[in-house]
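Novice: So here's final-v4.pdb (PDB, C-alpha atoms and all ligand atoms).
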```pdb
ATOM      1  CA  MET A  82       0.788  15.537   7.329
ATOM      2  CA  VAL A  83       0.054  11.876   6.404
ATOM      3  CA  ASP A  84      -3.661  12.628   6.236
ATOM      4  CA  GLU A  85      -3.004  15.692   4.059
ATOM      5  CA  GLY A  86      -0.997  13.537   1.657
ATOM      6  CA  TRP A  87      -3.156  10.419   1.573
ATOM      7  CA  GLY A  88      -6.545  11.571   2.809
ATOM      8  CA  ARG A  89      -7.243  14.841   1.056
ATOM      9  CA  LYS A  90      -8.750  13.031  -1.946
ATOM     10  CA  ALA A  91      -9.932   9.937  -0.078
ATOM     11  CA  ALA A  92     -12.964   9.281  -2.298
ATOM     12  CA  ASP A  93     -10.884   9.624  -5.486
ATOM     13  CA  PHE A  94      -8.257   7.288  -4.061
ATOM     14  CA  ALA A  95     -10.839   4.697  -2.996
ATOM     15  CA  ALA A  96     -12.942   4.733  -6.156
ATOM     16  CA  ILE A  97     -10.429   5.572  -8.905
ATOM     17  CA  ALA A  98      -6.923   4.523  -7.827
ATOM     18  CA  GLU A  99      -7.313   1.716  -5.287
ATOM     19  CA  PRO A 100      -9.457  -0.758  -7.299
ATOM     20  CA  SER A 101      -6.402  -1.654  -9.426
ATOM     21  CA  ASN A 102      -4.731  -3.000  -6.262
ATOM     22  CA  ALA A 103      -7.307  -5.801  -6.052
ATOM     23  CA  ARG A 104      -4.965  -8.104  -8.012
ATOM     24  CA  GLU A 105      -2.322  -7.694  -5.311
ATOM     25  CA  TYR A 106      -4.725  -8.192  -2.405
ATOM     26  CA  VAL A 107      -6.390 -11.306  -3.848
ATOM     27  CA  PHE A 108      -3.014 -12.825  -4.726
ATOM     28  CA  VAL A 109      -1.504 -12.296  -1.259
ATOM     29  CA  HIS A 110      -4.620 -13.490   0.587
ATOM     30  CA  ALA A 111      -4.588 -16.675  -1.494
ATOM     31  CA  ARG A 112      -0.861 -17.155  -0.874
ATOM     32  CA  LEU A 113      -1.536 -16.868   2.887
ATOM     33  CA  GLU A 114      -4.323 -19.467   2.538
ATOM     34  CA  LEU A 115      -6.486 -17.465   4.942
ATOM     35  CA  GLN A 116      -8.761 -19.611   7.073
ATOM     36  CA  PRO A 117     -12.222 -18.732   8.430
ATOM     37  CA  GLY A 118     -12.011 -17.428  11.991
ATOM     38  CA  GLN A 119      -8.410 -16.218  11.761
ATOM     39  CA  ARG A 120      -7.747 -12.762  13.174
ATOM     40  CA  LEU A 121      -6.075 -10.496  10.623
ATOM     41  CA  LEU A 122      -4.535  -7.032  11.024
ATOM     42  CA  ASP A 123      -3.973  -4.904   7.910
ATOM     43  CA  VAL A 124      -1.238  -2.368   8.645
ATOM     44  CA  ALA A 125      -1.514   0.960   6.799
ATOM     45  CA  CYS A 126      -4.861  -0.296   5.533
ATOM     46  CA  GLY A 127      -5.718   2.874   3.586
ATOM     47  CA  SER A 128      -9.348   2.966   2.498
ATOM     48  CA  GLY A 129      -9.899  -0.689   3.338
ATOM     49  CA  LEU A 130     -10.396  -2.559   0.069
ATOM     50  CA  ALA A 131      -7.886  -5.193   1.214
ATOM     51  CA  VAL A 132      -9.869  -5.628   4.437
ATOM     52  CA  GLU A 133     -13.098  -5.934   2.449
ATOM     53  CA  LEU A 134     -11.573  -8.690   0.297
ATOM     54  CA  ALA A 135      -9.999 -10.489   3.294
ATOM     55  CA  ARG A 136     -13.433 -10.658   4.947
ATOM     56  CA  MET A 137     -14.622 -12.829   2.055
ATOM     57  CA  TRP A 138     -12.381 -15.590   3.449
ATOM     58  CA  GLY A 139     -14.325 -15.512   6.722
ATOM     59  CA  VAL A 140     -11.477 -13.767   8.468
ATOM     60  CA  GLU A 141     -12.018 -11.408  11.416
ATOM     61  CA  CYS A 142     -10.345  -8.149  10.387
ATOM     62  CA  ALA A 143      -8.771  -5.152  12.023
ATOM     63  CA  GLY A 144      -6.828  -2.338  10.410
ATOM     64  CA  ILE A 145      -4.920   0.830  11.147
ATOM     65  CA  ASP A 146      -3.953   3.857   9.106
ATOM     66  CA  ALA A 147      -2.633   7.307   9.955
ATOM     67  CA  SER A 148      -5.115   8.976   7.611
ATOM     68  CA  GLY A 149      -8.441   9.636   9.327
ATOM     69  CA  ARG A 150     -10.145  10.338   6.029
ATOM     70  CA  LEU A 151      -9.042   7.013   4.519
ATOM     71  CA  ILE A 152     -10.188   5.197   7.665
ATOM     72  CA  GLU A 153     -13.616   6.836   7.247
ATOM     73  CA  VAL A 154     -13.888   5.119   3.846
ATOM     74  CA  ALA A 155     -12.551   1.850   5.278
ATOM     75  CA  ARG A 156     -15.205   1.911   8.017
ATOM     76  CA  ASP A 157     -17.933   2.651   5.480
ATOM     77  CA  ARG A 158     -16.858  -0.461   3.568
ATOM     78  CA  ASN A 159     -16.302  -2.631   6.652
ATOM     79  CA  PRO A 160     -18.645  -1.440   9.413
ATOM     80  CA  GLU A 161     -18.127  -4.557  11.558
ATOM     81  CA  CYS A 162     -14.327  -4.321  11.634
ATOM     82  CA  ASP A 163     -12.004  -2.785  14.202
ATOM     83  CA  LEU A 164     -10.485  -0.009  12.080
ATOM     84  CA  ARG A 165      -8.434   2.612  13.865
ATOM     85  CA  VAL A 166      -6.705   5.884  13.077
ATOM     86  CA  GLY A 167      -3.202   5.599  14.451
ATOM     87  CA  ASP A 168       0.491   5.027  13.988
ATOM     88  CA  MET A 169       1.708   1.646  12.755
ATOM     89  CA  ASN A 170       4.848   2.171  14.874
ATOM     90  CA  ALA A 171       2.762   1.998  18.076
ATOM     91  CA  LEU A 172      -0.060  -0.453  17.389
ATOM     92  CA  PRO A 173      -2.949  -0.042  19.830
ATOM     93  CA  TRP A 174      -3.567  -3.778  20.310
ATOM     94  CA  ALA A 175      -2.394  -6.208  22.978
ATOM     95  CA  ASP A 176       0.404  -8.739  22.469
ATOM     96  CA  ASP A 177      -0.562 -11.942  20.594
ATOM     97  CA  SER A 178      -3.834 -10.450  19.272
ATOM     98  CA  PHE A 179      -3.600 -11.671  15.656
ATOM     99  CA  ASP A 180      -2.876 -14.800  13.597
ATOM    100  CA  VAL A 181      -1.962 -12.898  10.435
ATOM    101  CA  ALA A 182      -0.846  -9.405   9.516
ATOM    102  CA  THR A 183      -0.713  -7.879   6.058
ATOM    103  CA  SER A 184       0.933  -4.717   4.849
ATOM    104  CA  PHE A 185       0.396  -3.706   1.247
ATOM    105  CA  ARG A 186       3.177  -1.229   0.486
ATOM    106  CA  GLY A 187       2.714   0.079   4.021
ATOM    107  CA  ILE A 188       5.795  -1.090   5.930
ATOM    108  CA  TRP A 189       8.928   0.231   4.252
ATOM    109  CA  GLY A 190      12.664  -0.070   4.828
ATOM    110  CA  THR A 191      12.445   3.204   6.704
ATOM    111  CA  THR A 192       9.958   1.797   9.228
ATOM    112  CA  PRO A 193      11.578  -1.088  11.201
ATOM    113  CA  GLU A 194       9.663  -0.048  14.349
ATOM    114  CA  ALA A 195       6.427  -0.982  12.615
ATOM    115  CA  LEU A 196       7.684  -4.508  11.946
ATOM    116  CA  ASN A 197       8.707  -4.869  15.600
ATOM    117  CA  ASP A 198       5.259  -3.893  16.698
ATOM    118  CA  VAL A 199       3.623  -6.237  14.196
ATOM    119  CA  ARG A 200       5.716  -9.003  15.745
ATOM    120  CA  ARG A 201       4.457  -8.037  19.195
ATOM    121  CA  VAL A 202       0.753  -8.181  18.252
ATOM    122  CA  LEU A 203       1.093 -11.488  16.349
ATOM    123  CA  ARG A 204       0.841 -14.751  18.245
ATOM    124  CA  PRO A 205       3.909 -17.028  18.137
ATOM    125  CA  GLY A 206       3.794 -18.794  14.773
ATOM    126  CA  GLY A 207       1.688 -15.972  13.336
ATOM    127  CA  ARG A 208       2.598 -14.695   9.883
ATOM    128  CA  VAL A 209       3.154 -11.310   8.310
ATOM    129  CA  ALA A 210       2.835 -10.738   4.567
ATOM    130  CA  MET A 211       4.153  -7.529   3.122
ATOM    131  CA  THR A 212       4.489  -6.174  -0.391
ATOM    132  CA  VAL A 213       7.198  -3.788  -1.550
ATOM    133  CA  TRP A 214       8.055  -2.157  -4.863
ATOM    134  CA  GLY A 215      10.646  -3.830  -7.067
ATOM    135  CA  ASN A 216      12.440  -1.937  -9.815
ATOM    136  CA  VAL A 217       9.815   0.663 -10.609
ATOM    137  CA  SER A 218      11.855   2.563 -13.192
ATOM    138  CA  LYS A 219      12.448  -0.602 -15.277
ATOM    139  CA  SER A 220       8.779  -1.654 -15.074
ATOM    140  CA  PRO A 221       6.571  -1.304 -18.174
ATOM    141  CA  GLY A 222       4.228   0.993 -16.256
ATOM    142  CA  ALA A 223       7.006   3.236 -14.900
ATOM    143  CA  TRP A 224       5.569   6.210 -16.768
ATOM    144  CA  MET A 225       2.530   6.156 -14.495
ATOM    145  CA  PHE A 226       4.736   7.134 -11.520
ATOM    146  CA  LEU A 227       6.624   9.917 -13.332
ATOM    147  CA  PRO A 228       4.433  12.597 -11.674
ATOM    148  CA  PHE A 229       6.091  11.743  -8.330
ATOM    149  CA  LEU A 230       9.311  13.200  -9.762
ATOM    150  CA  TRP A 231       7.670  16.600 -10.056
ATOM    151  CA  ALA A 232       8.266  16.980  -6.306
ATOM    152  CA  GLU A 233      11.252  18.813  -4.812
ATOM    153  CA  GLU A 234      14.596  16.975  -5.011
ATOM    154  CA  ALA A 235      14.826  16.220  -1.257
ATOM    155  CA  ARG A 236      11.428  14.520  -1.257
ATOM    156  CA  ILE A 237      12.361  12.371  -4.248
ATOM    157  CA  ASP A 238      15.478  11.136  -2.384
ATOM    158  CA  ASN A 239      13.269  10.066   0.514
ATOM    159  CA  GLN A 240      10.980   8.132  -1.858
ATOM    160  CA  ALA A 241      14.039   6.243  -3.164
ATOM    161  CA  GLN A 242      15.073   5.202   0.368
ATOM    162  CA  MET A 243      11.590   3.913   1.027
ATOM    163  CA  VAL A 244      11.794   1.338  -1.770
ATOM    164  CA  SER A 245      15.014  -0.378  -0.650
ATOM    165  CA  LEU A 246      13.181  -3.506   0.566
ATOM    166  CA  GLY A 247      12.558  -4.657  -3.003
ATOM    167  CA  ARG A 248      16.247  -5.375  -3.607
ATOM    168  CA  PRO A 249      17.306  -9.048  -3.447
ATOM    169  CA  GLY A 250      18.049 -10.148   0.120
ATOM    170  CA  VAL A 251      17.119  -6.818   1.736
ATOM    171  CA  GLY A 252      13.526  -7.683   2.589
ATOM    172  CA  GLU A 253      14.491 -11.145   3.844
ATOM    173  CA  ALA A 254      17.128  -9.559   6.143
ATOM    174  CA  PHE A 255      14.602  -6.961   7.310
ATOM    175  CA  LEU A 256      12.165  -9.730   8.333
ATOM    176  CA  SER A 257      14.858 -11.880   9.870
ATOM    177  CA  ASP A 258      16.229  -8.958  11.918
ATOM    178  CA  GLY A 259      12.669  -8.261  13.033
ATOM    179  CA  GLY A 260      12.282 -11.741  14.563
ATOM    180  CA  PHE A 261      10.593 -13.573  11.659
ATOM    181  CA  ASP A 262      11.585 -16.612   9.615
ATOM    182  CA  PRO A 263      11.226 -15.299   6.070
ATOM    183  CA  GLU A 264      10.126 -17.318   3.065
ATOM    184  CA  GLU A 265      11.612 -16.570  -0.319
ATOM    185  CA  ARG A 266      10.577 -13.338  -2.014
ATOM    186  CA  PHE A 267       7.808 -13.808  -4.608
ATOM    187  CA  VAL A 268       6.438 -11.712  -7.463
ATOM    188  CA  VAL A 269       3.033 -10.125  -6.868
ATOM    189  CA  PRO A 270       0.868  -9.085  -9.838
ATOM    190  CA  PHE A 271       0.349  -5.347  -9.900
ATOM    191  CA  ALA A 272      -1.157  -3.246 -12.685
ATOM    192  CA  MET A 273      -2.845   0.127 -12.671
ATOM    193  CA  GLU A 274      -5.636   0.738 -15.148
ATOM    194  CA  TYR A 275      -7.463   3.951 -15.983
ATOM    195  CA  ALA A 276     -10.169   4.555 -18.569
ATOM    196  CA  ASP A 277      -8.613   7.712 -20.047
ATOM    197  CA  PRO A 278      -5.976  10.405 -19.386
ATOM    198  CA  GLU A 279      -8.355  12.484 -17.272
ATOM    199  CA  SER A 280      -9.209   9.618 -14.925
ATOM    200  CA  TYR A 281      -5.519   8.718 -14.728
ATOM    201  CA  ALA A 282      -4.662  12.312 -13.736
ATOM    202  CA  ARG A 283      -7.399  12.361 -11.101
ATOM    203  CA  GLY A 284      -6.429   8.951  -9.736
ATOM    204  CA  ILE A 285      -2.684   9.555  -9.562
ATOM    205  CA  ALA A 286      -3.264  12.988  -7.992
ATOM    206  CA  SER A 287      -5.000  11.256  -5.064
ATOM    207  CA  VAL A 288      -1.965   9.314  -3.776
ATOM    208  CA  GLY A 289       0.508  10.536  -1.158
ATOM    209  CA  PRO A 290       3.647  10.980  -3.289
ATOM    210  CA  SER A 291       1.680  13.128  -5.753
ATOM    211  CA  TYR A 292       0.818  15.495  -2.945
ATOM    212  CA  GLU A 293       4.512  16.279  -2.646
ATOM    213  CA  ALA A 294       4.591  17.124  -6.360
ATOM    214  CA  ILE A 295       1.418  19.198  -6.047
ATOM    215  CA  LEU A 296       3.025  21.199  -3.238
ATOM    216  CA  ASN A 297       5.859  21.939  -5.638
ATOM    217  CA  ILE A 298       4.033  22.791  -8.891
ATOM    218  CA  GLY A 299       0.385  23.347  -7.879
ATOM    219  CA  GLU A 300      -2.664  21.156  -8.533
ATOM    220  CA  ALA A 301      -3.747  22.665 -11.876
ATOM    221  CA  GLU A 302      -0.282  22.293 -13.358
ATOM    222  CA  PHE A 303      -0.025  18.756 -11.956
ATOM    223  CA  LEU A 304      -3.295  17.695 -13.588
ATOM    224  CA  ASP A 305      -2.418  19.314 -16.939
ATOM    225  CA  ARG A 306       0.956  17.617 -17.021
ATOM    226  CA  ALA A 307      -0.504  14.245 -15.985
ATOM    227  CA  VAL A 308      -3.140  14.355 -18.744
ATOM    228  CA  ALA A 309      -0.455  15.250 -21.321
ATOM    229  CA  LEU A 310       1.755  12.409 -20.059
ATOM    230  CA  ALA A 311      -1.034   9.826 -20.327
ATOM    231  CA  GLU A 312      -2.100  11.007 -23.786
ATOM    232  CA  GLY A 313       1.155   9.543 -25.078
ATOM    233  CA  HIS A 314       0.082   6.086 -23.837
ATOM    234  CA  VAL A 315      -3.514   5.902 -25.097
ATOM    235  CA  ARG A 316      -4.404   2.670 -26.936
ATOM    236  CA  THR A 317      -7.623   2.813 -28.924
ATOM    237  CA  GLY A 318     -10.392   0.796 -27.304
ATOM    238  CA  LEU A 319      -8.257  -0.256 -24.337
ATOM    239  CA  PRO A 320      -7.667   1.222 -20.894
ATOM    240  CA  LEU A 321      -4.385   2.886 -20.009
ATOM    241  CA  ARG A 322      -2.435   0.152 -18.269
ATOM    242  CA  GLY A 323       0.796   0.193 -16.316
ATOM    243  CA  GLU A 324       2.360  -2.915 -14.825
ATOM    244  CA  ILE A 325       4.817  -2.280 -11.989
ATOM    245  CA  GLU A 326       7.196  -4.800 -10.428
ATOM    246  CA  LEU A 327       6.054  -5.668  -6.922
ATOM    247  CA  PHE A 328       7.443  -8.273  -4.534
ATOM    248  CA  GLY A 329       5.894 -10.042  -1.589
ATOM    249  CA  TYR A 330       7.432 -11.472   1.563
ATOM    250  CA  ILE A 331       5.913 -13.766   4.150
ATOM    251  CA  GLY A 332       7.556 -14.191   7.531
ATOM    252  CA  THR A 333       6.608 -16.436  10.434
ATOM    253  CA  LYS A 334       7.043 -15.113  13.969
ATOM    254  CA  ARG A 335       9.724 -17.115  15.746
TER     255      ARG A 335
HETATM  256  C1  LIG B 401       1.255   3.224  -0.162
HETATM  257  S1  LIG B 401      -0.153   3.555   0.864
HETATM  258  C2  LIG B 401      -0.810   1.914   1.028
HETATM  259  C3  LIG B 401      -2.229   1.928   1.517
HETATM  260  C4  LIG B 401      -2.958   0.609   1.407
HETATM  261  N1  LIG B 401      -2.240  -0.448   2.065
HETATM  262  C5  LIG B 401      -3.228   0.283  -0.026
HETATM  263  O1  LIG B 401      -2.929  -0.837  -0.434
HETATM  264  O2  LIG B 401      -3.762   1.120  -0.746
HETATM  265  C6  LIG B 401       0.580   3.949   2.402
HETATM  266  C7  LIG B 401      -0.411   4.134   3.527
HETATM  267  O3  LIG B 401       0.320   4.265   4.730
HETATM  268  C8  LIG B 401      -0.374   5.168   5.570
HETATM  269  N2  LIG B 401       0.612   5.593   6.573
HETATM  270  C9  LIG B 401       1.715   6.352   6.417
HETATM  271  N3  LIG B 401       2.400   6.461   7.574
HETATM  272  C10 LIG B 401       1.709   5.735   8.495
HETATM  273  C11 LIG B 401       1.907   5.469   9.886
HETATM  274  N4  LIG B 401       2.961   5.935  10.545
HETATM  275  N5  LIG B 401       1.006   4.684  10.507
HETATM  276  C12 LIG B 401      -0.071   4.203   9.850
HETATM  277  N6  LIG B 401      -0.317   4.435   8.537
HETATM  278  C13 LIG B 401       0.572   5.191   7.866
HETATM  279  C14 LIG B 401      -0.889   6.223   4.623
HETATM  280  O4  LIG B 401      -1.955   6.969   5.165
HETATM  281  C15 LIG B 401      -1.306   5.364   3.439
HETATM  282  O5  LIG B 401      -2.652   4.949   3.551
END
```
Do you think you could lay out the structure here as structure tokens?
Specialist:
Amino acid sequence: MVDEGWGRKAADFAAIAEPSNAREYVFVHARLELQPGQRLLDVACGSGLAVELARMWGVECAGIDASGRLIEVARDRNPECDLRVGDMNALPWADDSFDVATSFRGIWGTTPEALNDVRRVLRPGGRVAMTVWGNVSKSPGAWMFLPFLWAEEARIDNQAQMVSLGRPGVGEAFLSDGGFDPEERFVVPFAMEYADPESYARGIASVGPSYEAILNIGEAEFLDRAVALAEGHVRTGLPLRGEIELFGYIGTKR
């Protein structure tokens, strides 16, 4: 099911949607002050752009994602890295294997088991950095996520639960309960850019929550509606741009 949602348009996701996330990845890697030789695990690594950028710090990278088709792209980009298809709630690495773990919108409030397992594979004093959505609906780029609401009601409720970690104090408590000393929440730059309404529609159609909308209204209808939505936001000579509030947390394993 995860691979159907996230992997069915893996090339579109990797080449059209994911490049916008580079701001987030570069920012968090710099905040972690990655050091050459450190061992890093990227949890829910998707198609591996974050791993590719982390490698530029001289870091030894591993990653895991439940989508086999996204991992295929990640391996193509990072042939030397240990990239596995699997469940972040049962990480297939030994205790104390990593100095640093990252999770870019991968570990959610609904997945405490994943944080426990990250703790297990980190060495004592190792750090986890995770990003979580803030107030999406109040963000200037909120319109870009409107297509997710074209899913059935029950699926939308689940999406809302998954963003609870962005609320003040919730993420810190989540890390603390998971055996980490959390630092204060920080703002992470996040903006999506698309050249035109058609590329926006194709890019947004490639992400997991859109799959739930596509199941509800069909792909052709989804794409038509997404193009019409974006046409209302075209700015002559500029890309479509949507900034979304995103927060980061860093916790140190006790
Ligand atoms: C919001 S995306 C983030 C992906 C990537 N970190 C990025 O920045 O693009 C969520 C990712 O979690 C993966 N995923 C969902 N459930 C998972 C699980 N139980 N174990 C591992 N990966 C999972 C999906 O396949 C998807 O790639």
Novice: Separation of atom CA of Cys142 of chain A and atom CA of Ala182 of chain A, in Å?
Specialist: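 Spanning atom CA of Cys142 of chain A to atom CA of Ala182 of chain A is a straight-line distance of 9.6 Å.
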Novice: Run the PyMOL selection byres (((chain A and resi 88) around 8) and not hetatm) mentally over the shown coordinates, then write out the matched residues as a PyMOL selection string, using the chain letters and numbers from the document.
Specialist: chain A and resi 83-87+89-91+148-151
Novice: Might you pull out every residue within 7 Å of Val288 of chain A, with only C-alpha atoms counted and same-chain residues fewer than 2 positions away left off, and present them as an MDAnalysis selection string?
Specialist: chainID A and resid 86:87 94 285:286 290:292
Novice: Report, in Å with one decimal, the straight-line distance from atom CA of Val166 of chain A to atom CA of Asp123 of chain A.
Specialist: 12.3 Å
Novice: Which residues match the PyMOL selection byres (((not hetatm)) within 9 of (chain B and resi 401)) in the file above, as an MDAnalysis selection string?
Specialist: chainID A and resid 83:88 94:95 98:100 102:103 105:106 123:131 145:152 166:172 183:188 192 195 288:290
Novice: Find, counting all atoms listed in the file, the residue in A:Gly259, A:Trp189, A:Asp93, A:Asn197 that gets nearest to Ala282 of chain A.
Specialist: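 When distances to Ala282 of chain A are compared using all atoms listed in the file, the smallest one comes from A:Asp93.
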Novice: May I ask which of the residues A:Gly190, A:Ala276, A:Phe261, A:Trp174 is the closest one to Thr317 of chain A, counting only C-alpha atoms?
Specialist: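 Smallest distance to Thr317 of chain A is found for A:Ala276.
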Novice: Please write as an NGL selection string the list of polymer residues whose atoms come within 12 Å of (13.3, -14.6, 11.3), counting only C-alpha atoms and keeping to the coordinates of the file.
Specialist: :A and (196-197 or 200 or 205-209 or 252-265 or 330-335)
Novice: Enumerate, as an mmCIF file with C-alpha atoms, in the coordinates of the input, the residues matched when the PyMOL selection byres (((chain A and resi 163) around 6) and not hetatm) is run on the file above.
Specialist:
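To be explicit, this is the file written out as expr.cif:
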```
data_model
loop_
_atom_site.group_PDB
_atom_site.id
_atom_site.type_symbol
_atom_site.label_atom_id
_atom_site.label_comp_id
_atom_site.auth_asym_id
_atom_site.auth_seq_id
_atom_site.Cartn_x
_atom_site.Cartn_y
_atom_site.Cartn_z
ATOM 1 C CA ALA A 143 -8.771 -5.152 12.023
ATOM 2 C CA CYS A 162 -14.327 -4.321 11.634
ATOM 3 C CA LEU A 164 -10.485 -0.009 12.080
#
```
Novice: Check the smallest atom-to-atom distance from each of A:Glu153, A:Glu312, A:Asp277, A:Glu233 to Glu293 of chain A using all atoms listed in the file, then report the winner.
Specialist: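 Smallest distance to Glu293 of chain A is found for A:Glu233.
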Novice: Give me the box for segment 182-185 of chain A as lines of an AutoDock Vina configuration file, namely the centre and edge lengths in Å to one decimal of a box along x, y and z that holds every listed atom plus 4 Å on each side.
Specialist:
```
center_x = 0.0
center_y = -6.6
center_z = 5.4
size_x = 9.8
size_y = 13.7
size_z = 16.3
```
Novice: From the set A:Gly222, A:Gly318, A:Gly247, A:Gly118, which residue has the shortest atom-to-atom contact distance to Val181 of chain A, counting all atoms listed in the file?
Specialist: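 Answer, going by the shortest atom-to-atom distance: A:Gly118.
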Novice: Atom CA of Val315 of chain A and atom CA of Lys219 of chain A, how far apart in Å?
Specialist: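 Straight-line distance from atom CA of Lys219 of chain A to atom CA of Val315 of chain A works out to 19.8 Å.
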Novice: What's the 7 Å shell around Glu274 of chain A, counting all atoms listed in the file, without same-chain residues fewer than 2 positions away, as a PDB file with C-alpha atoms, keeping the file's coordinate frame?
Specialist:
```pdb
ATOM      1  CA  SER A 101      -6.402  -1.654  -9.426  1.00  0.00           C
ATOM      2  CA  ALA A 272      -1.157  -3.246 -12.685  1.00  0.00           C
ATOM      3  CA  ALA A 276     -10.169   4.555 -18.569  1.00  0.00           C
ATOM      4  CA  PRO A 320      -7.667   1.222 -20.894  1.00  0.00           C
ATOM      5  CA  LEU A 321      -4.385   2.886 -20.009  1.00  0.00           C
ATOM      6  CA  ARG A 322      -2.435   0.152 -18.269  1.00  0.00           C
ATOM      7  CA  GLY A 323       0.796   0.193 -16.316  1.00  0.00           C
TER       8      GLY A 323
END
```
Novice: Take the point (-13.4, -15.0, 11.2) in the file's coordinates, draw a sphere of radius 10 Å around it, and report as a ChimeraX atom specification every protein, DNA or RNA residue with an atom inside or on it, counting only C-alpha atoms.
Specialist: /A:115-121,135-142
Novice: From the list A:Arg306, A:Arg165, A:Arg104, A:Arg266, which residue is nearest Val213 of chain A when using only C-alpha atoms?
Specialist: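 Counting only C-alpha atoms, the residue closest to Val213 of chain A is A:Arg266.
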Novice: Do you know which residues are at most 7 Å from Leu203 of chain A counting all atoms listed in the file, after dropping those on the same chain fewer than 4 positions away, and could you put them as a PyMOL selection string?
Specialist: chain A and resi 176-181+199+207
Novice: Go ahead and dump the residues you just picked, C-alpha atoms, as a PDB file, keeping the file's coordinate frame.
Specialist:
```
ATOM      1  CA  ASP A 176       0.404  -8.739  22.469  1.00  0.00           C
ATOM      2  CA  ASP A 177      -0.562 -11.942  20.594  1.00  0.00           C
ATOM      3  CA  SER A 178      -3.834 -10.450  19.272  1.00  0.00           C
ATOM      4  CA  PHE A 179      -3.600 -11.671  15.656  1.00  0.00           C
ATOM      5  CA  ASP A 180      -2.876 -14.800  13.597  1.00  0.00           C
ATOM      6  CA  VAL A 181      -1.962 -12.898  10.435  1.00  0.00           C
ATOM      7  CA  VAL A 199       3.623  -6.237  14.196  1.00  0.00           C
ATOM      8  CA  GLY A 207       1.688 -15.972  13.336  1.00  0.00           C
TER       9      GLY A 207
END
```
Novice: From the set A:Glu194, A:Glu133, A:Glu326, A:Glu302, which residue has the shortest atom-to-atom contact distance to Pro221 of chain A, counting all atoms listed in the file?
Specialist: A:Glu326
